[in-house]
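This is query_32.json. It holds JSON, C-alpha atoms.
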```json
[["chain", "number", "residue", "atom", "x", "y", "z"],
["A", 1, "PHE", "CA", 23.93, 7.20, 9.96],
["A", 2, "VAL", "CA", 24.33, 9.87, 7.30],
["A", 3, "GLY", "CA", 21.18, 10.28, 5.22],
["A", 4, "PHE", "CA", 18.76, 8.59, 7.64],
["A", 5, "GLU", "CA", 16.49, 10.20, 10.21],
["A", 6, "PRO", "CA", 16.83, 9.03, 13.85],
["A", 7, "SER", "CA", 13.22, 7.81, 13.83],
["A", 8, "VAL", "CA", 13.99, 5.57, 10.85],
["A", 9, "LEU", "CA", 17.18, 4.29, 12.47],
["A", 10, "ARG", "CA", 15.30, 3.58, 15.70],
["A", 11, "ALA", "CA", 12.63, 1.64, 13.82],
["A", 12, "VAL", "CA", 15.28, -0.37, 11.96],
["A", 13, "ALA", "CA", 17.16, -1.11, 15.18],
["A", 14, "MET", "CA", 13.99, -2.18, 16.98],
["A", 15, "GLY", "CA", 13.01, -4.37, 14.04],
["A", 16, "ALA", "CA", 16.43, -6.02, 14.04],
["A", 17, "LEU", "CA", 16.19, -6.68, 17.77],
["A", 18, "ILE", "CA", 12.69, -8.16, 17.39],
["A", 19, "LEU", "CA", 13.92, -10.50, 14.65],
["A", 20, "TRP", "CA", 16.95, -11.48, 16.71],
["A", 21, "GLY", "CA", 14.72, -12.15, 19.72],
["A", 22, "ALA", "CA", 12.40, -14.26, 17.58],
["A", 23, "PHE", "CA", 15.41, -16.21, 16.31],
["A", 24, "LEU", "CA", 16.46, -16.89, 19.91],
["A", 25, "GLY", "CA", 12.90, -17.71, 20.93],
["A", 26, "ARG", "CA", 12.57, -14.73, 23.27],
["A", 27, "LYS", "CA", 9.98, -11.96, 23.51],
["A", 28, "GLY", "CA", 10.67, -8.45, 24.78],
["A", 29, "SER", "CA", 8.45, -5.61, 25.90],
["A", 30, "GLY", "CA", 8.17, -2.51, 23.77],
["A", 31, "LEU", "CA", 10.04, -0.38, 26.32],
["A", 32, "THR", "CA", 12.87, -2.92, 26.56],
["A", 33, "LEU", "CA", 13.21, -2.97, 22.78],
["A", 34, "LEU", "CA", 13.17, 0.83, 22.65],
["A", 35, "LEU", "CA", 15.93, 1.12, 25.25],
["A", 36, "ALA", "CA", 17.97, -1.56, 23.50],
["A", 37, "ALA", "CA", 17.54, 0.18, 20.13],
["A", 38, "LEU", "CA", 18.57, 3.54, 21.59],
["A", 39, "ALA", "CA", 21.59, 1.97, 23.30],
["A", 40, "LEU", "CA", 22.62, 0.31, 20.03],
["A", 41, "MET", "CA", 22.31, 3.57, 18.10],
["A", 42, "LEU", "CA", 24.29, 5.51, 20.70],
["A", 43, "PHE", "CA", 26.96, 2.81, 20.82],
["A", 44, "ILE", "CA", 27.48, 3.16, 17.07],
["A", 45, "SER", "CA", 27.16, 6.95, 17.02],
["A", 46, "PRO", "CA", 27.33, 8.62, 20.48],
["A", 47, "ARG", "CA", 26.87, 12.08, 18.93],
["A", 48, "LEU", "CA", 23.24, 11.20, 18.18],
["A", 49, "ILE", "CA", 22.36, 12.00, 21.76],
["A", 50, "PHE", "CA", 22.75, 15.70, 20.93],
["A", 51, "ALA", "CA", 20.45, 15.49, 17.87],
["A", 52, "LEU", "CA", 16.99, 16.93, 18.52],
["A", 53, "GLY", "CA", 15.45, 14.46, 16.07],
["A", 54, "PHE", "CA", 16.89, 11.54, 18.03],
["A", 55, "GLN", "CA", 15.62, 12.98, 21.32],
["A", 56, "LEU", "CA", 12.11, 13.59, 19.97],
["A", 57, "SER", "CA", 11.97, 10.16, 18.34],
["A", 58, "ALA", "CA", 12.83, 8.51, 21.65],
["A", 59, "LEU", "CA", 10.36, 10.65, 23.61],
["A", 60, "ALA", "CA", 7.53, 10.10, 21.12],
["A", 61, "THR", "CA", 8.04, 6.34, 21.13],
["A", 62, "PHE", "CA", 8.20, 6.31, 24.93],
["A", 63, "GLY", "CA", 4.93, 8.24, 25.00],
["A", 64, "VAL", "CA", 3.16, 5.79, 22.71],
["A", 65, "LEU", "CA", 4.48, 2.77, 24.62],
["A", 66, "CYS", "CA", 4.13, 3.94, 28.22],
["A", 67, "VAL", "CA", 1.90, 7.03, 28.40],
["A", 68, "ARG", "CA", -0.77, 5.90, 25.97],
["A", 69, "PRO", "CA", -2.18, 3.22, 28.35],
["A", 70, "LEU", "CA", -2.71, 5.95, 30.96],
["A", 71, "LEU", "CA", -4.87, 7.91, 28.51],
["A", 72, "ARG", "CA", -7.28, 5.09, 27.67],
["A", 73, "PRO", "CA", -9.76, 5.95, 30.47],
["A", 74, "ILE", "CA", -9.84, 9.56, 29.21],
["A", 75, "PHE", "CA", -10.78, 8.47, 25.68],
["A", 76, "CYS", "CA", -13.10, 5.65, 26.72],
["A", 77, "TRP", "CA", -15.99, 7.57, 25.14],
["A", 78, "LEU", "CA", -14.51, 7.07, 21.69],
["A", 79, "PRO", "CA", -15.59, 3.93, 19.79],
["A", 80, "GLU", "CA", -12.96, 1.24, 19.46],
["A", 81, "GLY", "CA", -11.10, 1.40, 16.19],
["A", 82, "ALA", "CA", -8.50, 3.26, 14.19],
["A", 83, "ILE", "CA", -9.67, 6.76, 15.17],
["A", 84, "LYS", "CA", -9.39, 6.01, 18.88],
["A", 85, "ASN", "CA", -5.95, 4.45, 18.43],
["A", 86, "ILE", "CA", -4.72, 7.48, 16.47],
["A", 87, "VAL", "CA", -6.08, 9.96, 19.03],
["A", 88, "GLU", "CA", -4.51, 8.07, 21.95],
["A", 89, "ALA", "CA", -1.14, 7.65, 20.24],
["A", 90, "THR", "CA", -1.03, 11.25, 19.03],
["A", 91, "THR", "CA", -1.92, 12.68, 22.44],
["A", 92, "ALA", "CA", 0.64, 10.47, 24.19],
["A", 93, "ALA", "CA", 3.39, 11.47, 21.77],
["A", 94, "LEU", "CA", 2.52, 15.16, 22.11],
["A", 95, "LEU", "CA", 2.62, 14.98, 25.91],
["A", 96, "THR", "CA", 6.18, 13.69, 25.84],
["A", 97, "THR", "CA", 7.56, 15.80, 22.98],
["A", 98, "VAL", "CA", 5.91, 19.24, 23.14],
["A", 99, "PRO", "CA", 7.49, 20.27, 26.48],
["A", 100, "TRP", "CA", 10.91, 19.20, 25.18],
["A", 101, "VAL", "CA", 10.49, 21.22, 21.98],
["A", 102, "GLY", "CA", 9.55, 24.18, 24.17],
["A", 103, "LEU", "CA", 12.73, 23.76, 26.20],
["A", 104, "MET", "CA", 14.98, 23.36, 23.18],
["A", 105, "LEU", "CA", 13.38, 25.88, 20.78],
["A", 106, "GLY", "CA", 10.99, 27.96, 22.89],
["A", 107, "ASN", "CA", 8.29, 27.12, 20.34],
["A", 108, "TYR", "CA", 4.91, 25.50, 21.08],
["A", 109, "SER", "CA", 2.76, 24.27, 18.24],
["A", 110, "LEU", "CA", -0.95, 24.99, 18.58],
["A", 111, "ILE", "CA", -1.82, 23.13, 15.42],
["A", 112, "ALA", "CA", 0.13, 19.93, 16.19],
["A", 113, "PRO", "CA", -2.85, 17.81, 17.37],
["A", 114, "LEU", "CA", -4.85, 18.54, 14.23],
["A", 115, "ALA", "CA", -1.80, 18.24, 11.97],
["A", 116, "ASN", "CA", -0.88, 14.86, 13.45],
["A", 117, "LEU", "CA", -4.40, 13.49, 13.09],
["A", 118, "VAL", "CA", -4.57, 14.50, 9.43],
["A", 119, "ALA", "CA", -1.02, 13.34, 8.69],
["A", 120, "LEU", "CA", -1.58, 10.00, 10.41],
["A", 121, "ALA", "CA", -4.67, 9.40, 8.29],
["A", 122, "PHE", "CA", -2.55, 9.79, 5.13],
["A", 123, "ALA", "CA", 0.39, 7.91, 6.66],
["A", 124, "SER", "CA", -1.82, 4.94, 7.58],
["A", 125, "GLY", "CA", -3.00, 4.66, 3.99],
["A", 126, "ALA", "CA", 0.58, 4.98, 2.78],
["A", 127, "PHE", "CA", 1.66, 2.19, 5.14],
["A", 128, "LEU", "CA", -1.01, -0.18, 3.80],
["A", 129, "LEU", "CA", -0.22, 0.71, 0.20],
["A", 130, "GLY", "CA", 3.47, 0.27, 0.96],
["A", 131, "ILE", "CA", 2.82, -3.34, 1.99],
["A", 132, "VAL", "CA", 0.88, -3.90, -1.24],
["A", 133, "PHE", "CA", 3.68, -2.23, -3.21],
["A", 134, "LEU", "CA", 6.33, -4.52, -1.67],
["A", 135, "GLY", "CA", 4.27, -7.59, -2.49],
["A", 136, "LEU", "CA", 3.62, -6.49, -6.05],
["A", 137, "SER", "CA", 7.26, -5.55, -6.61],
["A", 138, "VAL", "CA", 8.09, -9.24, -6.20],
["A", 139, "ALA", "CA", 5.04, -10.75, -7.93],
["A", 140, "SER", "CA", 4.47, -8.21, -10.72],
["A", 141, "PRO", "CA", 6.78, -5.20, -11.21],
["A", 142, "PRO", "CA", 4.40, -3.51, -13.74],
["A", 143, "LEU", "CA", 1.56, -3.58, -11.20],
["A", 144, "ALA", "CA", 3.95, -2.33, -8.56],
["A", 145, "ALA", "CA", 4.72, 0.67, -10.77],
["A", 146, "LEU", "CA", 1.00, 1.46, -10.91],
["A", 147, "ALA", "CA", 0.67, 1.10, -7.11],
["A", 148, "SER", "CA", 3.54, 3.54, -6.63],
["A", 149, "TRP", "CA", 1.44, 6.43, -7.97],
["A", 150, "PRO", "CA", -1.19, 6.51, -5.17],
["A", 151, "LEU", "CA", 1.54, 5.72, -2.65],
["A", 152, "SER", "CA", 3.55, 8.72, -3.82],
["A", 153, "TRP", "CA", 0.40, 10.89, -3.68],
["A", 154, "LEU", "CA", -0.30, 9.91, -0.08],
["A", 155, "LEU", "CA", 3.27, 10.62, 1.01],
["A", 156, "LYS", "CA", 3.21, 14.01, -0.71],
["A", 157, "SER", "CA", -0.13, 14.74, 0.98],
["A", 158, "VAL", "CA", 1.55, 14.36, 4.38],
["A", 159, "LEU", "CA", 4.17, 16.98, 3.44],
["A", 160, "ILE", "CA", 1.62, 19.33, 1.89],
["A", 161, "THR", "CA", -0.62, 19.10, 4.96],
["A", 162, "ALA", "CA", 2.26, 19.80, 7.32],
["A", 163, "MET", "CA", 3.44, 22.80, 5.29],
["A", 164, "ALA", "CA", -0.07, 24.23, 4.88],
["A", 165, "LEU", "CA", -0.98, 23.96, 8.57],
["A", 166, "GLY", "CA", 2.47, 25.10, 9.69],
["A", 167, "SER", "CA", 2.19, 28.27, 7.60],
["A", 168, "LEU", "CA", -0.89, 29.49, 9.49],
["A", 169, "PRO", "CA", -0.10, 32.66, 11.51],
["A", 170, "TRP", "CA", -1.44, 31.17, 14.75],
["A", 171, "ALA", "CA", 0.13, 27.72, 14.25],
["A", 172, "SER", "CA", 2.70, 28.23, 17.02],
["A", 173, "VAL", "CA", 3.63, 30.56, 19.85],
["A", 174, "MET", "CA", 6.95, 31.52, 21.41],
["A", 175, "ILE", "CA", 7.26, 31.15, 25.19],
["A", 176, "PRO", "CA", 10.21, 32.40, 27.31],
["A", 177, "LEU", "CA", 12.59, 29.79, 28.70],
["A", 178, "PRO", "CA", 11.55, 30.18, 32.38],
["A", 179, "ALA", "CA", 7.92, 29.47, 31.44],
["A", 180, "SER", "CA", 9.03, 26.53, 29.26],
["A", 181, "ILE", "CA", 10.94, 25.06, 32.20],
["A", 182, "ILE", "CA", 7.85, 25.32, 34.44],
["A", 183, "ILE", "CA", 5.66, 23.71, 31.76],
["A", 184, "ALA", "CA", 8.14, 20.85, 31.31],
["A", 185, "ILE", "CA", 8.37, 20.24, 35.07],
["A", 186, "ILE", "CA", 4.57, 20.14, 35.40],
["A", 187, "VAL", "CA", 3.97, 17.87, 32.40],
["A", 188, "TYR", "CA", 6.85, 15.46, 32.97],
["A", 189, "GLY", "CA", 6.21, 15.46, 36.71],
["A", 190, "ALA", "CA", 2.58, 14.49, 36.09],
["A", 191, "VAL", "CA", 3.63, 11.76, 33.63],
["A", 192, "ILE", "CA", 6.13, 10.28, 36.12],
["A", 193, "TYR", "CA", 3.59, 10.46, 38.96],
["A", 194, "PHE", "CA", 0.87, 8.63, 37.02],
["A", 195, "LEU", "CA", 3.33, 6.04, 35.69],
["A", 196, "ILE", "CA", 4.48, 5.27, 39.23],
["A", 197, "ARG", "CA", 0.90, 5.16, 40.50],
["A", 198, "ASP", "CA", -0.16, 2.86, 37.68],
["A", 199, "GLN", "CA", 2.75, 0.54, 38.46],
["A", 200, "GLN", "CA", 1.83, 0.48, 42.15],
["A", 201, "VAL", "CA", -1.80, -0.31, 41.32],
["A", 202, "ALA", "CA", -0.69, -3.15, 39.04],
["A", 203, "GLU", "CA", 1.58, -4.58, 41.74],
["A", 204, "SER", "CA", -1.21, -4.30, 44.33],
["A", 205, "ARG", "CA", -3.60, -6.19, 42.06],
["A", 206, "PHE", "CA", -0.97, -8.86, 41.47],
["A", 207, "VAL", "CA", -0.43, -9.32, 45.22],
["A", 208, "ARG", "CA", -4.17, -9.53, 45.88],
["A", 209, "ARG", "CA", -4.49, -12.12, 43.11],
["A", 210, "LEU", "CA", -1.76, -14.21, 44.69],
["A", 211, "ILE", "CA", -3.39, -13.99, 48.12],
["A", 212, "GLY", "CA", -6.76, -14.91, 46.63],
["A", 213, "GLU", "CA", -5.30, -17.97, 44.94],
["A", 214, "LYS", "CA", -3.87, -19.15, 48.26]]
```
Please render this file's structure as structure tokens.
Amino acid sequence: FVGFEPSVLRAVAMGALILWGAFLGRKGSGLTLLLAALALMLFISPRLIFALGFQLSALATFGVLCVRPLLRPIFCWLPEGAIKNIVEATTAALLTTVPWVGLMLGNYSLIAPLANLVALAFASGAFLLGIVFLGLSVASPPLAALASWPLSWLLKSVLITAMALGSLPWASVMIPLPASIIIAIIVYGAVIYFLIRDQQVAESRFVRRLIGEK
């Protein structure tokens, strides 16, 4: 695991599990794949559990997979499309990671929502260009070399944006540990409550559907 970020390792592990499931003819939910990927990573390197990057990667992915659906009614006023998806995913990831960062570091980023929106815009373009680059690298290496220039620019733009916004004097605030604990309890308690409620509503609808069919 030396040289690779936990988020990259998690993505690779999840991708491997998806391919293995496809080979076996089975489909898994996103949460199941996340848990399996985390278990695989911890089995290979148990010390990862103490790495903040690993913890935040797991929490952010959990937020996108499980918390994001709860936020859709809040952002129903946004038109369907990439912007809405980015806002929902960013908000969900922030809800699950910001309280943990506060607990571990005592630092709360005030600029994170804006920074993530801007960075995701560049990252989305980099992802699309990356697919083009991979295709060209097989079909035409010279064209792939040309495609690498805008791809490199987009990736550098993500870093430049993060550094520029992070350097602002009001970009973050320090909060004492007792206050961080209270914030974490409130936020995570609310997330757990709404997840349980959403599950109960889904089960109730399923039961009513079964009764209606009978």
Just the residues within 12 Å of Ser172 of chain A, please, counting all atoms listed in the file, with nothing from its chain fewer than 2 positions along; format it as a PDB file with C-alpha atoms, keeping the file's coordinate frame.
```
ATOM      1  CA  VAL A  98       5.910  19.240  23.140  1.00  0.00           C
ATOM      2  CA  VAL A 101      10.490  21.220  21.980  1.00  0.00           C
ATOM      3  CA  GLY A 102       9.550  24.180  24.170  1.00  0.00           C
ATOM      4  CA  LEU A 105      13.380  25.880  20.780  1.00  0.00           C
ATOM      5  CA  GLY A 106      10.990  27.960  22.890  1.00  0.00           C
ATOM      6  CA  ASN A 107       8.290  27.120  20.340  1.00  0.00           C
ATOM      7  CA  TYR A 108       4.910  25.500  21.080  1.00  0.00           C
ATOM      8  CA  SER A 109       2.760  24.270  18.240  1.00  0.00           C
ATOM      9  CA  LEU A 110      -0.950  24.990  18.580  1.00  0.00           C
ATOM     10  CA  ILE A 111      -1.820  23.130  15.420  1.00  0.00           C
ATOM     11  CA  ALA A 112       0.130  19.930  16.190  1.00  0.00           C
ATOM     12  CA  PRO A 113      -2.850  17.810  17.370  1.00  0.00           C
ATOM     13  CA  LEU A 165      -0.980  23.960   8.570  1.00  0.00           C
ATOM     14  CA  GLY A 166       2.470  25.100   9.690  1.00  0.00           C
ATOM     15  CA  SER A 167       2.190  28.270   7.600  1.00  0.00           C
ATOM     16  CA  LEU A 168      -0.890  29.490   9.490  1.00  0.00           C
ATOM     17  CA  PRO A 169      -0.100  32.660  11.510  1.00  0.00           C
ATOM     18  CA  TRP A 170      -1.440  31.170  14.750  1.00  0.00           C
ATOM     19  CA  MET A 174       6.950  31.520  21.410  1.00  0.00           C
ATOM     20  CA  ILE A 175       7.260  31.150  25.190  1.00  0.00           C
TER      21      ILE A 175
END
```
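Our summary of the geometry notes that atom CA of Ser137 of chain A is positioned 13.4 Å from atom CA of Trp149 of chain A.
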Discussion item. For a test of reading the model, state the distance in Å between atom CA of Gly63 of chain A and atom CA of Ala164 of chain A, rounded to one decimal.
Written reply: 26.2 Å
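Picture a line from atom CA of Ser148 of chain A to atom CA of Phe54 of chain A; it runs 29.2 Å.
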Leaving out Val118 of chain A and any residue of its chain fewer than 4 positions from it, which residues lie within 12 Å of it when counting all atoms listed in the file, given as a PDB file with C-alpha atoms, in the coordinates of the input?
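Saved as selection.pdb:
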```
ATOM      1  CA  ILE A  83      -9.670   6.760  15.170  1.00  0.00           C
ATOM      2  CA  ILE A  86      -4.720   7.480  16.470  1.00  0.00           C
ATOM      3  CA  VAL A  87      -6.080   9.960  19.030  1.00  0.00           C
ATOM      4  CA  THR A  90      -1.030  11.250  19.030  1.00  0.00           C
ATOM      5  CA  ILE A 111      -1.820  23.130  15.420  1.00  0.00           C
ATOM      6  CA  ALA A 112       0.130  19.930  16.190  1.00  0.00           C
ATOM      7  CA  PRO A 113      -2.850  17.810  17.370  1.00  0.00           C
ATOM      8  CA  LEU A 114      -4.850  18.540  14.230  1.00  0.00           C
ATOM      9  CA  PHE A 122      -2.550   9.790   5.130  1.00  0.00           C
ATOM     10  CA  ALA A 123       0.390   7.910   6.660  1.00  0.00           C
ATOM     11  CA  SER A 124      -1.820   4.940   7.580  1.00  0.00           C
ATOM     12  CA  GLY A 125      -3.000   4.660   3.990  1.00  0.00           C
ATOM     13  CA  LEU A 154      -0.300   9.910  -0.080  1.00  0.00           C
ATOM     14  CA  SER A 157      -0.130  14.740   0.980  1.00  0.00           C
ATOM     15  CA  VAL A 158       1.550  14.360   4.380  1.00  0.00           C
ATOM     16  CA  LEU A 159       4.170  16.980   3.440  1.00  0.00           C
ATOM     17  CA  ILE A 160       1.620  19.330   1.890  1.00  0.00           C
ATOM     18  CA  THR A 161      -0.620  19.100   4.960  1.00  0.00           C
ATOM     19  CA  ALA A 162       2.260  19.800   7.320  1.00  0.00           C
ATOM     20  CA  ALA A 164      -0.070  24.230   4.880  1.00  0.00           C
ATOM     21  CA  LEU A 165      -0.980  23.960   8.570  1.00  0.00           C
TER      22      LEU A 165
END
```
Need to verify the contact set: Leu31 of chain A, 8 Å, only C-alpha atoms, exclusion of same-chain residues closer than 6 positions in sequence. Can you return it as a short mmCIF file (atom, residue, chain, number, x, y, z; two decimals) with C-alpha atoms, keeping the file's coordinate frame?
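Result file is out_2.cif:
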```
data_model
loop_
_atom_site.label_atom_id
_atom_site.label_comp_id
_atom_site.auth_asym_id
_atom_site.auth_seq_id
_atom_site.Cartn_x
_atom_site.Cartn_y
_atom_site.Cartn_z
CA PHE A 62 8.20 6.31 24.93
CA LEU A 65 4.48 2.77 24.62
CA CYS A 66 4.13 3.94 28.22
#
```
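Among the candidates A:Ala179, A:Ala51, A:Ala58, A:Ala202, the one nearest to Ala37 of chain A when counting all atoms listed in the file is A:Ala58.
Residue nearest Asp198 of chain A within the list A:Ala60, A:Leu52, A:Ala36, A:Leu71: A:Leu71 [criterion: smallest interatomic distance, only C-alpha atoms].
For the set A:Gln55, A:Thr96, A:Thr91, A:Thr61, the residue with the smallest atom-to-atom gap to Gly189 of chain A is A:Thr96, counting only C-alpha atoms.
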